[in-house]
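Please read the structure below before turning to the comments.
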Amino acid sequence: MEYLLYGISLPHRLANNVQKDLVFKQFFIQLLSSIAVTVATATYLWGYETENKCEAPFDGADWNRRSEYIDVAKRFRDILKIWFVFGLIDCLRCGLVFAYILYDKAIYAIGYHVLTLNDILGLAAVLILHVYRFQFTGKWCSGDFLPESKATEGFLVERGKFLVGLVIYVWVGGFVMACVYSCVMVAAYRRYADKQNASQIQYKV
């Protein structure tokens with residue numbers, strides 16, 4: 001139980017400055033990643049194809065029932081908003097970690113742990129991203145069936161490309177962050193074990 005807290009709880013991880021450098025490096029990398037996502041998402045949310053409209057039937061089978069068309073422009077806009085909020089909150093969470101490292105105030109640690117709930121939003125964002133982009137409606141409005149993949153009136157080609165890039169980021173970035181976190185946990189475990197061994201030796205002496 002103690003090691004679990006030592007690996008998850010921010011105050012435990014920073015106790016006696018044993019993991020201070022590891023925590024800083026981990027969240028510095030995470031902050032850079034979150035800033036990149038937030039800025040890129042904001043750019044496409046407010047800078048690309050903001051006025052374009054595109055609708056399509058759910059499965060592409062019946063194009064005559066326009067009343068049942070899905071508003072893909074709204075879907076893409078919503079998923080970009082979700083990712084923007086997720087990235088913004090994650091930046092704030094990383095900021096709280098750095099604030100706790102600098103000032104050692106419990107309020108920063110509490111805020112950090114509360115904002116870990118943002119991971120739920122992140123999971124939802126990943127699932128919605130895949131559904132909205134790779135359903136027929138998302139493929140159609142992204143111009144996947146066009147002869148040329150370039151900005152076209154009545155389509156959301158640029159946003160579609162960005163969402164594919166976001167999918168790639170999710171999988172590649174997720175793998176990289178998993179590797180980083182694994183390395184941090186291994187290093188933390190070794191330091192924890194060394195600390196325990198040193199305590200036992202001191203106790204015997």
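Letters A, B, ... mark the chains of the structure tokens in the order given; residue numbers begin at 1 per chain; ligand numbers begin at 1, in order shown.
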Discussion item. Report as a PyMOL selection string all protein, DNA and RNA residues lying within 7 Å of region 90-102 of chain A, evaluated on only C-alpha atoms, omitting residues in the same chain fewer than 5 positions from it.
Written reply: chain A and resi 27+31+34-35+108-109+111-112+115
Discussion item. Residues near Tyr132 (chain A), anyone? I mean within 8 Å using only C-alpha atoms, not counting same-chain ones fewer than 4 positions away, as a ChimeraX atom specification.
Written reply: /A:75-76,128,137-138
Worksheet item: Leaving out region 81-83 of chain A and any residue of its chain fewer than 4 positions from it, which residues lie within 12 Å of it when counting only C-alpha atoms, given as number ranges by chain?
Response: A: 34-46, 74-77, 87-90, 118-129, 163, 166-167, 170
Practice prompt. Report as a VMD selection string: the residues of chain A with a DSSP assignment of helix (DSSP H, G or I), based on the backbone of this structure.
Written response: chain A and resid 2 to 8 10 to 13 15 to 17 20 to 47 66 to 68 72 to 103 106 to 115 118 to 134 136 to 141 157 to 204
Discussion item. Let's see if you can do this: from backbone DSSP, list all strand (DSSP E or B) residues in region 7-90 of chain A, as an NGL selection string.
Written reply: :A and (55-56 or 70-71)
Using N, CA, C and O atoms, can you write the selected residues to a file as a compact mmCIF listing (two decimals), in the first residue's frame?
# COMPACT_ATOMS: atom_id res chain seq x y z
N GLU A 55 -23.40 17.62 -44.31
CA GLU A 55 -24.31 16.64 -43.73
C GLU A 55 -24.29 15.38 -44.59
O GLU A 55 -24.02 15.44 -45.79
N ALA A 56 -24.60 14.26 -43.96
CA ALA A 56 -24.62 12.99 -44.70
C ALA A 56 -25.49 11.99 -43.95
O ALA A 56 -25.65 12.10 -42.73
N ILE A 70 -27.03 13.58 -40.76
CA ILE A 70 -26.26 13.94 -39.56
C ILE A 70 -25.42 15.17 -39.86
O ILE A 70 -24.75 15.24 -40.90
N ASP A 71 -25.45 16.12 -38.95
CA ASP A 71 -24.67 17.36 -39.10
C ASP A 71 -23.23 17.08 -38.69
O ASP A 71 -22.87 17.16 -37.51
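We find CA of Ser149 (chain A) and CA of Arg65 (chain A) to be spaced 27.1 Å apart.
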Fill in: Among listed residues A:Gln26, A:Ser33, A:Asn52, A:Thr116, nearest Glu158 (chain A) (using only C-alpha atoms)
A:Asn52
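Closest approach to Leu14 (chain A) from the set A:Arg66, A:Glu49, A:Tyr103, A:Ser142 is made by A:Tyr103, with distances taken over only C-alpha atoms.
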